[in-house]
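Down below is the structure, laid out as structure tokens.
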Amino acid sequence: MISKEAILEIVTPLLEKENLFLVDVSVGADNKIIVTVDGDKGVSIDSCVSISRGIENSLDRDREDFELEVTSAGLGQPLKIPRQYIKNIGQELDVVLKTGEKIKGVLNSADNTGFVLGVSKKVNIPGSKKKQEVVEPIQLTYQQVKSAKVVLKFK
């Protein structure tokens with residue numbers, strides 16, 4: 001069976017060459033290899049093809065058969081690694097916490113330990129009849145998050 005570590009060793013220099021980063025690698029029991037990549041400026045089909053060919057050329061089908069899929073992290077897919085959060089600063093996110101609570105807000109900042117969402121709330125302002133909208137920052141760690149997705153907007 002082909003190991004995940006072997007794929008990581010092969011794919012790392014290929015990603016650097018394409019200026020991309022790894023989101024996930026999975027190797028199934030039937031040697032189905034799925035490599036998910038992303039980039040700060042997106043991922044082209046040509047980059048996926050180049051990475052796929054690089055992996056195929058490094059593995060020997062005569063010794064061990066495999067199925068290979070190289071894909072980009074798709075729109076609407078949950079964010080999985082801190083670098084994806086960093087890439088999406090300024091975007092609106094739908095976040096579901098492990099507690100089940102749902103939060104929607106703009107991703108203000110992110111680092112390797114967590115991120116800050118700016119969540120809009122309407123609050124009563126003393127002396128005003130209308131509620132005013134304020135943005136409250138909420139600090140979250142990645143361990144608190146069950147899933148986070150970028151909100152797709154069509155203009």
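In the structure tokens, each chain is lettered A, B, ... as it comes, each chain's residues begin at 1, and ligands are numbered from 1 in order of appearance.
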
Residues at most 7 Å from region 88-90 of chain A, counting only C-alpha atoms, excluding those fewer than 5 positions away in the same chain, as a PDB file with C-alpha atoms, in the first residue's frame?
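The resulting result-v6.pdb:
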```pdb
ATOM      1  CA  VAL A 106     -16.247  38.875   8.355  1.00  0.00           C
ATOM      2  CA  LEU A 107     -12.852  37.268   8.839  1.00  0.00           C
ATOM      3  CA  ASN A 108     -10.754  40.115  10.280  1.00  0.00           C
ATOM      4  CA  SER A 109      -7.525  38.276  11.016  1.00  0.00           C
TER       5      SER A 109
END
```

Discussion item. Applying 10 Å and only C-alpha atoms, which residues near region 125-140 of chain A remain after dropping the ones on its own chain fewer than 2 positions away? List them as a count of residues only.
Written reply: 23

Item to complete: Give the strand (DSSP E or B) residues of chain A, as assigned by DSSP on the backbone, as an NGL selection string.
Response: :A and (21-27 or 32-38 or 40 or 42 or 67-72 or 92-97 or 102-110 or 114-124 or 131-141 or 145-150)

Test item, alpha helix (DSSP H) assignment across region 56-153 of chain A, answer as a PDB file with N, CA and C atoms, in the first residue's frame:
```pdb
ATOM      1  N   GLU A  56       2.481  10.856 -10.560  1.00  0.00           N
ATOM      2  CA  GLU A  56       2.447   9.626 -11.370  1.00  0.00           C
ATOM      3  C   GLU A  56       3.848   9.192 -11.786  1.00  0.00           C
ATOM      4  N   ASN A  57       4.685  10.157 -12.173  1.00  0.00           N
ATOM      5  CA  ASN A  57       6.054   9.828 -12.615  1.00  0.00           C
ATOM      6  C   ASN A  57       6.928   9.335 -11.469  1.00  0.00           C
ATOM      7  N   SER A  58       6.534   9.641 -10.232  1.00  0.00           N
ATOM      8  CA  SER A  58       7.331   9.226  -9.071  1.00  0.00           C
ATOM      9  C   SER A  58       6.892   7.880  -8.503  1.00  0.00           C
ATOM     10  N   PRO A  82      -4.984  26.569   8.663  1.00  0.00           N
ATOM     11  CA  PRO A  82      -4.839  28.004   8.940  1.00  0.00           C
ATOM     12  C   PRO A  82      -4.518  28.845   7.704  1.00  0.00           C
ATOM     13  N   ARG A  83      -3.725  28.337   6.804  1.00  0.00           N
ATOM     14  CA  ARG A  83      -3.347  29.133   5.621  1.00  0.00           C
ATOM     15  C   ARG A  83      -4.576  29.475   4.778  1.00  0.00           C
ATOM     16  N   GLN A  84      -5.600  28.618   4.769  1.00  0.00           N
ATOM     17  CA  GLN A  84      -6.820  28.940   4.034  1.00  0.00           C
ATOM     18  C   GLN A  84      -7.561  30.104   4.700  1.00  0.00           C
ATOM     19  N   TYR A  85      -7.534  30.140   6.028  1.00  0.00           N
ATOM     20  CA  TYR A  85      -8.157  31.257   6.738  1.00  0.00           C
ATOM     21  C   TYR A  85      -7.420  32.554   6.404  1.00  0.00           C
ATOM     22  N   ILE A  86      -6.086  32.503   6.450  1.00  0.00           N
ATOM     23  CA  ILE A  86      -5.272  33.679   6.160  1.00  0.00           C
ATOM     24  C   ILE A  86      -5.552  34.180   4.747  1.00  0.00           C
ATOM     25  N   LYS A  87      -5.669  33.257   3.809  1.00  0.00           N
ATOM     26  CA  LYS A  87      -5.962  33.600   2.416  1.00  0.00           C
ATOM     27  C   LYS A  87      -7.311  34.319   2.286  1.00  0.00           C
TER      28      LYS A  87
END
```

Worksheet entry | Polymer residues at most 12 Å from Leu8 (chain A), only C-alpha atoms, same-chain spacing of 5 or more positions, as a PyMOL selection string | chain A and resi 2-3+13-15+21-27+33-37+51+55+58

Could you save the residues just selected, with C-alpha atoms, as a PDB file, in the first residue's frame?
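Final output, again_32.pdb:
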```pdb
ATOM      1  CA  ILE A   2       1.199   3.495  -0.832  1.00  0.00           C
ATOM      2  CA  SER A   3       1.723   5.572   2.312  1.00  0.00           C
ATOM      3  CA  PRO A  13       8.467  20.092  -4.007  1.00  0.00           C
ATOM      4  CA  LEU A  14       5.780  20.018  -6.728  1.00  0.00           C
ATOM      5  CA  LEU A  15       3.631  22.419  -4.706  1.00  0.00           C
ATOM      6  CA  PHE A  21       0.007  24.772  -0.613  1.00  0.00           C
ATOM      7  CA  LEU A  22      -1.333  21.428   0.540  1.00  0.00           C
ATOM      8  CA  VAL A  23      -4.764  21.247   2.126  1.00  0.00           C
ATOM      9  CA  ASP A  24      -5.152  17.476   2.485  1.00  0.00           C
ATOM     10  CA  VAL A  25      -3.859  14.101   1.330  1.00  0.00           C
ATOM     11  CA  SER A  26      -5.757  10.869   1.739  1.00  0.00           C
ATOM     12  CA  VAL A  27      -4.823   7.365   0.672  1.00  0.00           C
ATOM     13  CA  ILE A  33      -4.966   8.846  -3.603  1.00  0.00           C
ATOM     14  CA  ILE A  34      -6.683  12.229  -3.261  1.00  0.00           C
ATOM     15  CA  VAL A  35      -4.492  15.327  -3.062  1.00  0.00           C
ATOM     16  CA  THR A  36      -6.264  18.627  -2.331  1.00  0.00           C
ATOM     17  CA  VAL A  37      -4.319  21.826  -2.980  1.00  0.00           C
ATOM     18  CA  ILE A  51       1.170  17.991  -9.897  1.00  0.00           C
ATOM     19  CA  ILE A  55       3.135  12.220  -8.647  1.00  0.00           C
ATOM     20  CA  SER A  58       7.331   9.226  -9.071  1.00  0.00           C
TER      21      SER A  58
END
```

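Compared by their closest atoms to Val70 (chain A), and using only C-alpha atoms, the residues A:Met1, A:Val150, A:Val11, A:Leu93 rank with A:Val11 nearest.
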
Practice prompt. Write out as a list in words the residues lying within 7 Å of Gly39 (chain A), counting only C-alpha atoms and excluding same-chain residues fewer than 4 positions away.
Written response: Asn19, Leu20, Phe21 and Val43 of chain A

Please produce a file of the residues just selected, as a PDB file, in the first residue's frame, where the atoms kept are C-alpha atoms.
```pdb
ATOM      1  CA  ASN A  19       3.403  28.264  -5.699  1.00  0.00           C
ATOM      2  CA  LEU A  20       0.575  26.312  -4.031  1.00  0.00           C
ATOM      3  CA  PHE A  21       0.007  24.772  -0.613  1.00  0.00           C
ATOM      4  CA  VAL A  43      -5.391  27.024  -8.526  1.00  0.00           C
TER       5      VAL A  43
END
```
